[in-house]
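Read the structure below first, then the notes.
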Amino acid sequence: MPPGHPIYGRLGNTTVARFEAAMADLEGCAAAVAFSSGMAALTACLLASVARQRPHIVAIRPLYGTSDHLLDSGLLGTTVTWTTPEDLPAAIQSDTGLIIMETPANPTLSEHDIGRLAKAAGDLPLLVDNTFATPILQRPAEHGAQMVLHSATKFLGGHGDVMGGVVTCTEDFARALRQIRIVTGAVLHPFAGYLLLRGLSTLPIRVRRAAATAAELARRLAAHPSVTRVFYPAHTDDRPPGQMDGGGSLVSFEVAGDPRDVVARVRLITPAVSLGGVDTLIQHPSSLTHRIVPDDVRQRSGISDRLLRLAVGLEDPDDLWHDLDRSLSTSAQEAAR
Ligand SMILES: *Cc1c(COP(=O)(O)O)cnc(C)c1O
């Protein structure tokens with residue numbers, strides 16, 4: 001928030017500033033800058049890099065589908081080198097401005113070690129998309145990330161009725177991001193800021209309750225005859241130590257039959273994209289959120305055509321299980337016929 005009294009809405013707003021201050025505190029960063037959406041927040045980070053004469057971005061797949069597309073298209077004047085955590089040092093160039101990663105990854109929920117990547121990044125800023133974990137379960141800045149990005153549309157708002165994005169970072173980065181926000185106009189509306197601020201008051205209980213339900217559903221799905229594979233962070237042994245508390249509230253799984261049949265049969269669960277709200281949502285990544293990602297990249301990222309992603313909300317765990325079990329079993333019976 002610029003000093004002095006408010007001059008014009010695009011320059012700053014006190015309600016939005018309160019949301020930003022709360023986010024900076026939650027992520028353990030010096031500052032935060034809020035935007036009209038998660039993609040607007042990422043756009044500002046990329047433009048800041050271009051403005052510093054460092055248009056080259058190193059990114060680790062898989063990323064959120066639209067983030068992947070924004071980087072791959074070079075729309076904003078950035079170039080990208082896609083790499084793996086192991087090959088990160090070789091991907092860095094003299095004009096690299098930013099290293100981008102997401103953990104847990106979308107939609108496979110695989111985890112990357114933030115601390116190791118921050119070390120490999122050296123002086124270069126590492127940006128972590130922390131949308132899936134939220135600062136309740138994971139604080140990337142504690143592991144050396146200089147920038148943390150959220151689609152506030154998801155858990156921070158928490159009710160599927162507001163769009164926003166936020167970057168927490170050093171005061172130095174924040175200044176550059178605020179300047180870009182002023183000239184591009186990607187401001188968070190004050191009413192959205194109010195809703196997000198209110199969402200933060202219940203963030204810890206919502207996130208922990210949804211994560212507990214997700215862990216239980218992941219356990220039951222793993223034992224279901226129509227399910228061939230379950231992706232849930234807490235189920236894997238080689239997790240980055242001390243990074244994420246529990247497994248979060250997303251569960252991905254592969255089914256033996258047609259995944260679209262399962263989506264068509266749920267009644268309590270809503271077939272829809274998004275995540276982090278009160279309602280449990282199910283979607284088929286290869287035909288929805290990751291349709292925009294090239295086929296071969298999708299396959300290599302472990303996003304098979306049989307994969308479904310469940311974003312767990314706040315309903316009763318048994319009610320959710322009955323809905324899933326019935327949909328999975330009916331689909332399998334139809335497939336056998
Ligand atoms: C939704 C999402 C985004 C984009 O955010 P919008 O608010 O939809 O623009 C970026 N990253 C992740 C991980 C997301 O889930």
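Simple scheme: letters A, B, ... for chains in structure tokens order, numbers from 1 for residues in each chain, numbers from 1 for ligands in the order shown.
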I'd like the contact shell of segment 95-104 of chain A - 7 Å cut-off, only C-alpha atoms, skipping same-chain residues fewer than 3 positions apart - returned as a list in words.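 Selected residues are Ser49, Arg54, Pro55, His56, Ile57, Val58, Ala59, Ile60, Leu63, Ile92, Leu109, Ser110, Glu111, His112, Leu124, Pro125, Leu126, Leu127, Val128, Asp129, Asn130 and Phe132 of chain A.
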Output file for the selection above: N, CA, C and O atoms, as a PDB file, in the first residue's frame:
```
ATOM      1  N   SER A  49      10.646 -10.319 -14.485  1.00  0.00           N
ATOM      2  CA  SER A  49      11.885 -10.938 -14.930  1.00  0.00           C
ATOM      3  C   SER A  49      12.328 -10.358 -16.270  1.00  0.00           C
ATOM      4  O   SER A  49      13.506 -10.050 -16.475  1.00  0.00           O
ATOM      5  N   ARG A  54      16.086 -10.283 -17.809  1.00  0.00           N
ATOM      6  CA  ARG A  54      16.337 -11.718 -17.589  1.00  0.00           C
ATOM      7  C   ARG A  54      15.098 -12.502 -18.019  1.00  0.00           C
ATOM      8  O   ARG A  54      14.354 -13.010 -17.189  1.00  0.00           O
ATOM      9  N   PRO A  55      14.921 -12.609 -19.340  1.00  0.00           N
ATOM     10  CA  PRO A  55      13.688 -13.208 -19.863  1.00  0.00           C
ATOM     11  C   PRO A  55      13.680 -14.739 -19.842  1.00  0.00           C
ATOM     12  O   PRO A  55      12.665 -15.336 -20.167  1.00  0.00           O
ATOM     13  N   HIS A  56      14.818 -15.352 -19.501  1.00  0.00           N
ATOM     14  CA  HIS A  56      14.864 -16.820 -19.540  1.00  0.00           C
ATOM     15  C   HIS A  56      14.376 -17.415 -18.211  1.00  0.00           C
ATOM     16  O   HIS A  56      14.843 -17.022 -17.142  1.00  0.00           O
ATOM     17  N   ILE A  57      13.434 -18.332 -18.328  1.00  0.00           N
ATOM     18  CA  ILE A  57      12.851 -18.974 -17.150  1.00  0.00           C
ATOM     19  C   ILE A  57      13.190 -20.464 -17.173  1.00  0.00           C
ATOM     20  O   ILE A  57      13.120 -21.107 -18.221  1.00  0.00           O
ATOM     21  N   VAL A  58      13.577 -20.990 -16.036  1.00  0.00           N
ATOM     22  CA  VAL A  58      13.778 -22.435 -15.908  1.00  0.00           C
ATOM     23  C   VAL A  58      12.581 -22.971 -15.136  1.00  0.00           C
ATOM     24  O   VAL A  58      12.224 -22.429 -14.076  1.00  0.00           O
ATOM     25  N   ALA A  59      11.943 -23.989 -15.682  1.00  0.00           N
ATOM     26  CA  ALA A  59      10.739 -24.490 -15.017  1.00  0.00           C
ATOM     27  C   ALA A  59      10.748 -26.010 -14.934  1.00  0.00           C
ATOM     28  O   ALA A  59      11.316 -26.678 -15.803  1.00  0.00           O
ATOM     29  N   ILE A  60      10.152 -26.497 -13.891  1.00  0.00           N
ATOM     30  CA  ILE A  60      10.114 -27.936 -13.637  1.00  0.00           C
ATOM     31  C   ILE A  60       8.685 -28.423 -13.804  1.00  0.00           C
ATOM     32  O   ILE A  60       7.751 -27.877 -13.204  1.00  0.00           O
ATOM     33  N   LEU A  63       3.583 -28.511 -14.134  1.00  0.00           N
ATOM     34  CA  LEU A  63       3.017 -27.301 -13.532  1.00  0.00           C
ATOM     35  C   LEU A  63       1.520 -27.279 -13.830  1.00  0.00           C
ATOM     36  O   LEU A  63       1.046 -28.002 -14.703  1.00  0.00           O
ATOM     37  N   ILE A  92      20.443 -23.490 -16.273  1.00  0.00           N
ATOM     38  CA  ILE A  92      20.588 -22.059 -15.953  1.00  0.00           C
ATOM     39  C   ILE A  92      21.505 -21.363 -16.965  1.00  0.00           C
ATOM     40  O   ILE A  92      22.558 -21.871 -17.305  1.00  0.00           O
ATOM     41  N   LEU A 109       0.523 -35.038  -7.846  1.00  0.00           N
ATOM     42  CA  LEU A 109       0.807 -34.846  -6.436  1.00  0.00           C
ATOM     43  C   LEU A 109       2.187 -35.345  -6.035  1.00  0.00           C
ATOM     44  O   LEU A 109       2.445 -35.636  -4.872  1.00  0.00           O
ATOM     45  N   SER A 110       3.092 -35.443  -7.038  1.00  0.00           N
ATOM     46  CA  SER A 110       4.474 -35.782  -6.714  1.00  0.00           C
ATOM     47  C   SER A 110       5.103 -34.556  -6.055  1.00  0.00           C
ATOM     48  O   SER A 110       4.688 -33.417  -6.309  1.00  0.00           O
ATOM     49  N   GLU A 111       6.093 -34.798  -5.201  1.00  0.00           N
ATOM     50  CA  GLU A 111       6.696 -33.688  -4.460  1.00  0.00           C
ATOM     51  C   GLU A 111       8.146 -33.456  -4.884  1.00  0.00           C
ATOM     52  O   GLU A 111       8.866 -34.397  -5.174  1.00  0.00           O
ATOM     53  N   HIS A 112       8.535 -32.193  -4.900  1.00  0.00           N
ATOM     54  CA  HIS A 112       9.925 -31.835  -5.138  1.00  0.00           C
ATOM     55  C   HIS A 112      10.488 -31.255  -3.846  1.00  0.00           C
ATOM     56  O   HIS A 112       9.762 -30.609  -3.093  1.00  0.00           O
ATOM     57  N   LEU A 124      19.785 -17.224  -7.842  1.00  0.00           N
ATOM     58  CA  LEU A 124      18.571 -16.993  -8.627  1.00  0.00           C
ATOM     59  C   LEU A 124      17.326 -17.241  -7.784  1.00  0.00           C
ATOM     60  O   LEU A 124      17.278 -18.182  -7.006  1.00  0.00           O
ATOM     61  N   PRO A 125      16.309 -16.375  -7.960  1.00  0.00           N
ATOM     62  CA  PRO A 125      15.095 -16.580  -7.171  1.00  0.00           C
ATOM     63  C   PRO A 125      14.334 -17.836  -7.593  1.00  0.00           C
ATOM     64  O   PRO A 125      14.128 -18.076  -8.783  1.00  0.00           O
ATOM     65  N   LEU A 126      13.944 -18.615  -6.596  1.00  0.00           N
ATOM     66  CA  LEU A 126      13.105 -19.795  -6.823  1.00  0.00           C
ATOM     67  C   LEU A 126      11.675 -19.415  -6.462  1.00  0.00           C
ATOM     68  O   LEU A 126      11.409 -18.931  -5.359  1.00  0.00           O
ATOM     69  N   LEU A 127      10.757 -19.599  -7.412  1.00  0.00           N
ATOM     70  CA  LEU A 127       9.344 -19.332  -7.167  1.00  0.00           C
ATOM     71  C   LEU A 127       8.625 -20.667  -6.995  1.00  0.00           C
ATOM     72  O   LEU A 127       8.735 -21.547  -7.848  1.00  0.00           O
ATOM     73  N   VAL A 128       7.919 -20.808  -5.883  1.00  0.00           N
ATOM     74  CA  VAL A 128       7.168 -22.035  -5.642  1.00  0.00           C
ATOM     75  C   VAL A 128       5.672 -21.724  -5.675  1.00  0.00           C
ATOM     76  O   VAL A 128       5.203 -20.830  -4.961  1.00  0.00           O
ATOM     77  N   ASP A 129       4.939 -22.433  -6.518  1.00  0.00           N
ATOM     78  CA  ASP A 129       3.478 -22.340  -6.501  1.00  0.00           C
ATOM     79  C   ASP A 129       2.997 -23.216  -5.340  1.00  0.00           C
ATOM     80  O   ASP A 129       3.102 -24.432  -5.377  1.00  0.00           O
ATOM     81  N   ASN A 130       2.499 -22.540  -4.309  1.00  0.00           N
ATOM     82  CA  ASN A 130       2.120 -23.239  -3.066  1.00  0.00           C
ATOM     83  C   ASN A 130       0.596 -23.375  -2.939  1.00  0.00           C
ATOM     84  O   ASN A 130       0.075 -23.584  -1.847  1.00  0.00           O
ATOM     85  N   PHE A 132      -1.548 -25.686  -3.773  1.00  0.00           N
ATOM     86  CA  PHE A 132      -2.088 -26.966  -3.305  1.00  0.00           C
ATOM     87  C   PHE A 132      -1.879 -27.194  -1.812  1.00  0.00           C
ATOM     88  O   PHE A 132      -2.722 -27.777  -1.150  1.00  0.00           O
TER      89      PHE A 132
END
```
Can you pull out every residue with an atom within 8 Å of ligand 1? Use only C-alpha atoms and all ligand atoms and format it as a list of chain:residue names.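 Using only C-alpha atoms and all ligand atoms, everything at most 8 Å from ligand 1 comes to A:Ser36, A:Ser37, A:Gly38, A:Met39, A:Ala40, A:Ala41, A:Leu42, A:Leu63, A:Tyr64, A:Thr66, A:Ser67, A:Glu102, A:Ala105, A:Asn106, A:Asp129, A:Asn130, A:Thr131, A:Phe132, A:Leu149, A:His150, A:Ser151, A:Ala152, A:Thr153, A:Lys154, A:Met163, A:Gly164, A:Gly165, A:Ser274, A:Leu275.
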Report as JSON, numbers by chain all protein, DNA and RNA residues lying within 8 Å of segment 24-30 of chain A, evaluated on only C-alpha atoms, omitting residues in the same chain fewer than 5 positions from it. {"A": [135, 136, 139, 140, 141, 142, 148, 168, 169, 170, 171]}
Would you mind exporting the chosen residues as a PDB file, in the first residue's frame, restricted to N, CA and C atoms?
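That gives us result_1.pdb:
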```
ATOM      1  N   PRO A 135      -0.116 -22.252   3.147  1.00  0.00           N
ATOM      2  CA  PRO A 135       0.893 -22.060   4.204  1.00  0.00           C
ATOM      3  C   PRO A 135       0.569 -22.842   5.484  1.00  0.00           C
ATOM      4  N   ILE A 136      -0.629 -23.396   5.565  1.00  0.00           N
ATOM      5  CA  ILE A 136      -0.953 -24.203   6.748  1.00  0.00           C
ATOM      6  C   ILE A 136      -0.125 -25.492   6.757  1.00  0.00           C
ATOM      7  N   ARG A 139       5.457 -24.137   4.063  1.00  0.00           N
ATOM      8  CA  ARG A 139       5.912 -22.759   3.904  1.00  0.00           C
ATOM      9  C   ARG A 139       7.254 -22.735   3.151  1.00  0.00           C
ATOM     10  N   PRO A 140       7.180 -22.607   1.823  1.00  0.00           N
ATOM     11  CA  PRO A 140       8.377 -22.716   0.981  1.00  0.00           C
ATOM     12  C   PRO A 140       9.506 -21.756   1.374  1.00  0.00           C
ATOM     13  N   ALA A 141       9.165 -20.560   1.886  1.00  0.00           N
ATOM     14  CA  ALA A 141      10.214 -19.591   2.233  1.00  0.00           C
ATOM     15  C   ALA A 141      11.127 -20.143   3.330  1.00  0.00           C
ATOM     16  N   GLU A 142      10.582 -20.999   4.203  1.00  0.00           N
ATOM     17  CA  GLU A 142      11.403 -21.613   5.257  1.00  0.00           C
ATOM     18  C   GLU A 142      12.473 -22.526   4.662  1.00  0.00           C
ATOM     19  N   VAL A 148       6.719 -17.003  -3.321  1.00  0.00           N
ATOM     20  CA  VAL A 148       5.696 -18.032  -3.150  1.00  0.00           C
ATOM     21  C   VAL A 148       4.416 -17.509  -3.792  1.00  0.00           C
ATOM     22  N   THR A 168       4.021 -13.842  -2.324  1.00  0.00           N
ATOM     23  CA  THR A 168       4.742 -13.359  -1.151  1.00  0.00           C
ATOM     24  C   THR A 168       6.230 -13.446  -1.470  1.00  0.00           C
ATOM     25  N   CYS A 169       6.980 -12.445  -1.027  1.00  0.00           N
ATOM     26  CA  CYS A 169       8.377 -12.309  -1.486  1.00  0.00           C
ATOM     27  C   CYS A 169       9.110 -11.278  -0.634  1.00  0.00           C
ATOM     28  N   THR A 170      10.301 -10.903  -1.080  1.00  0.00           N
ATOM     29  CA  THR A 170      11.056  -9.843  -0.417  1.00  0.00           C
ATOM     30  C   THR A 170      10.437  -8.491  -0.785  1.00  0.00           C
ATOM     31  N   GLU A 171      10.762  -7.461  -0.019  1.00  0.00           N
ATOM     32  CA  GLU A 171      10.239  -6.120  -0.295  1.00  0.00           C
ATOM     33  C   GLU A 171      10.729  -5.631  -1.668  1.00  0.00           C
TER      34      GLU A 171
END
```
Please return as a JSON list (two decimals) with N, CA, C and O atoms, in the first residue's frame: the residues of segment 100-205 of chain A that backbone DSSP assigns to strand (DSSP E or B).
```json
[["chain", "number", "residue", "atom", "x", "y", "z"],
["A", 100, "ILE", "N", 10.99, -21.84, -11.63],
["A", 100, "ILE", "CA", 9.60, -22.04, -11.22],
["A", 100, "ILE", "C", 9.29, -23.51, -10.98],
["A", 100, "ILE", "O", 9.65, -24.37, -11.80],
["A", 101, "MET", "N", 8.66, -23.78, -9.87],
["A", 101, "MET", "CA", 8.25, -25.15, -9.56],
["A", 101, "MET", "C", 6.95, -25.15, -8.78],
["A", 101, "MET", "O", 6.52, -24.13, -8.24],
["A", 102, "GLU", "N", 6.35, -26.32, -8.71],
["A", 102, "GLU", "CA", 5.09, -26.48, -7.98],
["A", 102, "GLU", "C", 5.23, -27.77, -7.16],
["A", 102, "GLU", "O", 5.68, -28.79, -7.68],
["A", 126, "LEU", "N", 13.94, -18.62, -6.60],
["A", 126, "LEU", "CA", 13.10, -19.79, -6.82],
["A", 126, "LEU", "C", 11.67, -19.41, -6.46],
["A", 126, "LEU", "O", 11.41, -18.93, -5.36],
["A", 127, "LEU", "N", 10.76, -19.60, -7.41],
["A", 127, "LEU", "CA", 9.34, -19.33, -7.17],
["A", 127, "LEU", "C", 8.62, -20.67, -6.99],
["A", 127, "LEU", "O", 8.73, -21.55, -7.85],
["A", 128, "VAL", "N", 7.92, -20.81, -5.88],
["A", 128, "VAL", "CA", 7.17, -22.04, -5.64],
["A", 128, "VAL", "C", 5.67, -21.72, -5.68],
["A", 128, "VAL", "O", 5.20, -20.83, -4.96],
["A", 129, "ASP", "N", 4.94, -22.43, -6.52],
["A", 129, "ASP", "CA", 3.48, -22.34, -6.50],
["A", 129, "ASP", "C", 3.00, -23.22, -5.34],
["A", 129, "ASP", "O", 3.10, -24.43, -5.38],
["A", 147, "MET", "N", 10.20, -16.58, -3.63],
["A", 147, "MET", "CA", 8.87, -16.13, -4.03],
["A", 147, "MET", "C", 7.90, -17.29, -3.88],
["A", 147, "MET", "O", 8.21, -18.41, -4.27],
["A", 148, "VAL", "N", 6.72, -17.00, -3.32],
["A", 148, "VAL", "CA", 5.70, -18.03, -3.15],
["A", 148, "VAL", "C", 4.42, -17.51, -3.79],
["A", 148, "VAL", "O", 3.99, -16.38, -3.51],
["A", 149, "LEU", "N", 3.85, -18.33, -4.66],
["A", 149, "LEU", "CA", 2.67, -17.89, -5.42],
["A", 149, "LEU", "C", 1.44, -18.71, -5.03],
["A", 149, "LEU", "O", 1.56, -19.91, -4.76],
["A", 150, "HIS", "N", 0.30, -18.04, -4.98],
["A", 150, "HIS", "CA", -0.97, -18.73, -4.73],
["A", 150, "HIS", "C", -2.03, -18.31, -5.73],
["A", 150, "HIS", "O", -2.14, -17.11, -6.03],
["A", 151, "SER", "N", -2.80, -19.27, -6.18],
["A", 151, "SER", "CA", -4.09, -18.94, -6.74],
["A", 151, "SER", "C", -4.99, -18.84, -5.51],
["A", 151, "SER", "O", -5.37, -19.85, -4.92],
["A", 165, "GLY", "N", -5.14, -13.82, -6.76],
["A", 165, "GLY", "CA", -3.82, -14.42, -6.74],
["A", 165, "GLY", "C", -2.93, -13.59, -5.84],
["A", 165, "GLY", "O", -3.23, -12.42, -5.58],
["A", 166, "VAL", "N", -1.85, -14.18, -5.33],
["A", 166, "VAL", "CA", -0.95, -13.43, -4.45],
["A", 166, "VAL", "C", 0.46, -14.01, -4.55],
["A", 166, "VAL", "O", 0.63, -15.22, -4.73],
["A", 167, "VAL", "N", 1.42, -13.11, -4.48],
["A", 167, "VAL", "CA", 2.83, -13.52, -4.44],
["A", 167, "VAL", "C", 3.40, -12.99, -3.13],
["A", 167, "VAL", "O", 3.26, -11.79, -2.84],
["A", 168, "THR", "N", 4.02, -13.84, -2.32],
["A", 168, "THR", "CA", 4.74, -13.36, -1.15],
["A", 168, "THR", "C", 6.23, -13.45, -1.47],
["A", 168, "THR", "O", 6.68, -14.38, -2.13],
["A", 169, "CYS", "N", 6.98, -12.44, -1.03],
["A", 169, "CYS", "CA", 8.38, -12.31, -1.49],
["A", 169, "CYS", "C", 9.11, -11.28, -0.63],
["A", 169, "CYS", "O", 8.58, -10.80, 0.37]]
```
Counting only C-alpha atoms, give me one row per residue of segment 204-234 of chain A with an atom at most 9 Å from an atom of segment 250-257 of chain A, showing the shortest contact pair and its distance in Å to one decimal, sorted by chain then residue number, as CSV.
```
residue,atom,partner,partner_atom,distance
A:Ala210,CA,A:Leu250,CA,8.7
A:Ala211,CA,A:Leu250,CA,7.7
A:Ala214,CA,A:Leu250,CA,6.5
A:Ala215,CA,A:Val251,CA,8.1
A:Leu217,CA,A:Val251,CA,8.0
A:Ala218,CA,A:Val251,CA,6.3
A:Leu221,CA,A:Phe253,CA,7.9
A:Ala222,CA,A:Phe253,CA,8.5
A:Pro225,CA,A:Ala256,CA,8.5
A:Ser226,CA,A:Ala256,CA,5.4
A:Val227,CA,A:Val255,CA,4.5
A:Thr228,CA,A:Val255,CA,5.4
A:Arg229,CA,A:Glu254,CA,5.1
A:Val230,CA,A:Phe253,CA,4.3
A:Phe231,CA,A:Ser252,CA,5.0
A:Tyr232,CA,A:Val251,CA,5.4
A:Pro233,CA,A:Val251,CA,8.5
```
Those same residues - N, CA and C atoms - I'd like them written as an mmCIF file, in the first residue's frame.
```cif
data_model
loop_
_atom_site.group_PDB
_atom_site.id
_atom_site.type_symbol
_atom_site.label_atom_id
_atom_site.label_comp_id
_atom_site.auth_asym_id
_atom_site.auth_seq_id
_atom_site.Cartn_x
_atom_site.Cartn_y
_atom_site.Cartn_z
ATOM 1 N N ALA A 210 -10.224 -31.085 5.498
ATOM 2 C CA ALA A 210 -10.258 -31.637 4.138
ATOM 3 C C ALA A 210 -9.105 -32.630 3.942
ATOM 4 N N ALA A 211 -7.949 -32.321 4.525
ATOM 5 C CA ALA A 211 -6.790 -33.210 4.373
ATOM 6 C C ALA A 211 -7.031 -34.538 5.103
ATOM 7 N N ALA A 214 -9.312 -36.506 2.923
ATOM 8 C CA ALA A 214 -8.601 -36.972 1.729
ATOM 9 C C ALA A 214 -7.721 -38.176 2.058
ATOM 10 N N ALA A 215 -7.059 -38.126 3.193
ATOM 11 C CA ALA A 215 -6.185 -39.241 3.580
ATOM 12 C C ALA A 215 -7.006 -40.518 3.741
ATOM 13 N N LEU A 217 -9.992 -41.158 2.304
ATOM 14 C CA LEU A 217 -10.479 -41.590 0.989
ATOM 15 C C LEU A 217 -9.359 -42.245 0.178
ATOM 16 N N ALA A 218 -8.153 -41.702 0.281
ATOM 17 C CA ALA A 218 -7.010 -42.286 -0.449
ATOM 18 C C ALA A 218 -6.768 -43.718 0.031
ATOM 19 N N LEU A 221 -9.636 -45.843 -1.394
ATOM 20 C CA LEU A 221 -9.521 -45.990 -2.853
ATOM 21 C C LEU A 221 -8.454 -47.020 -3.206
ATOM 22 N N ALA A 222 -7.362 -47.018 -2.440
ATOM 23 C CA ALA A 222 -6.255 -47.943 -2.732
ATOM 24 C C ALA A 222 -6.708 -49.394 -2.615
ATOM 25 N N PRO A 225 -11.441 -52.435 -5.811
ATOM 26 C CA PRO A 225 -11.098 -53.274 -6.967
ATOM 27 C C PRO A 225 -11.117 -52.534 -8.310
ATOM 28 N N SER A 226 -11.857 -51.430 -8.418
ATOM 29 C CA SER A 226 -11.920 -50.712 -9.699
ATOM 30 C C SER A 226 -10.833 -49.652 -9.823
ATOM 31 N N VAL A 227 -10.023 -49.513 -8.777
ATOM 32 C CA VAL A 227 -8.972 -48.494 -8.800
ATOM 33 C C VAL A 227 -7.622 -49.174 -8.986
ATOM 34 N N THR A 228 -6.872 -48.741 -9.997
ATOM 35 C CA THR A 228 -5.600 -49.405 -10.289
ATOM 36 C C THR A 228 -4.402 -48.708 -9.656
ATOM 37 N N ARG A 229 -4.569 -47.415 -9.327
ATOM 38 C CA ARG A 229 -3.432 -46.690 -8.759
ATOM 39 C C ARG A 229 -3.930 -45.453 -8.037
ATOM 40 N N VAL A 230 -3.315 -45.155 -6.884
ATOM 41 C CA VAL A 230 -3.689 -43.949 -6.137
ATOM 42 C C VAL A 230 -2.459 -43.064 -5.972
ATOM 43 N N PHE A 231 -2.636 -41.781 -6.237
ATOM 44 C CA PHE A 231 -1.549 -40.815 -6.025
ATOM 45 C C PHE A 231 -1.948 -39.956 -4.815
ATOM 46 N N TYR A 232 -1.211 -40.112 -3.742
ATOM 47 C CA TYR A 232 -1.459 -39.278 -2.561
ATOM 48 C C TYR A 232 -0.125 -39.110 -1.837
ATOM 49 N N PRO A 233 0.293 -37.874 -1.592
ATOM 50 C CA PRO A 233 1.649 -37.651 -1.069
ATOM 51 C C PRO A 233 1.985 -38.514 0.157
#
```
Where does DSSP see alpha helix (DSSP H) in segment 149-201 of chain A, if you list the residues as a VMD selection string? chain A and resid 171 to 184 190 to 201
Generate the output file for the selected residues, C-alpha atoms, as a short mmCIF file (atom, residue, chain, number, x, y, z; two decimals), in the first residue's frame.
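Contents of the output file again.cif:
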```
data_model
loop_
_atom_site.label_atom_id
_atom_site.label_comp_id
_atom_site.auth_asym_id
_atom_site.auth_seq_id
_atom_site.Cartn_x
_atom_site.Cartn_y
_atom_site.Cartn_z
CA GLU A 171 10.24 -6.12 -0.29
CA ASP A 172 12.50 -5.67 -3.32
CA PHE A 173 10.45 -8.02 -5.51
CA ALA A 174 7.23 -6.64 -4.08
CA ARG A 175 8.12 -3.14 -5.29
CA ALA A 176 8.62 -4.42 -8.84
CA LEU A 177 5.38 -6.43 -8.73
CA ARG A 178 3.34 -3.48 -7.43
CA GLN A 179 4.68 -1.33 -10.25
CA ILE A 180 3.63 -3.97 -12.80
CA ARG A 181 0.22 -4.27 -11.16
CA ILE A 182 -0.31 -0.53 -11.50
CA VAL A 183 0.52 -0.46 -15.21
CA THR A 184 -1.19 -3.72 -16.20
CA PRO A 190 -11.44 -4.76 -2.74
CA PHE A 191 -14.53 -6.95 -2.28
CA ALA A 192 -12.49 -9.98 -3.35
CA GLY A 193 -9.85 -8.80 -0.87
CA TYR A 194 -12.49 -8.74 1.86
CA LEU A 195 -13.68 -12.26 1.01
CA LEU A 196 -10.11 -13.56 0.93
CA LEU A 197 -9.30 -11.94 4.26
CA ARG A 198 -12.40 -13.57 5.75
CA GLY A 199 -11.43 -16.89 4.14
CA LEU A 200 -8.10 -16.79 5.95
CA SER A 201 -9.83 -16.88 9.37
#
```
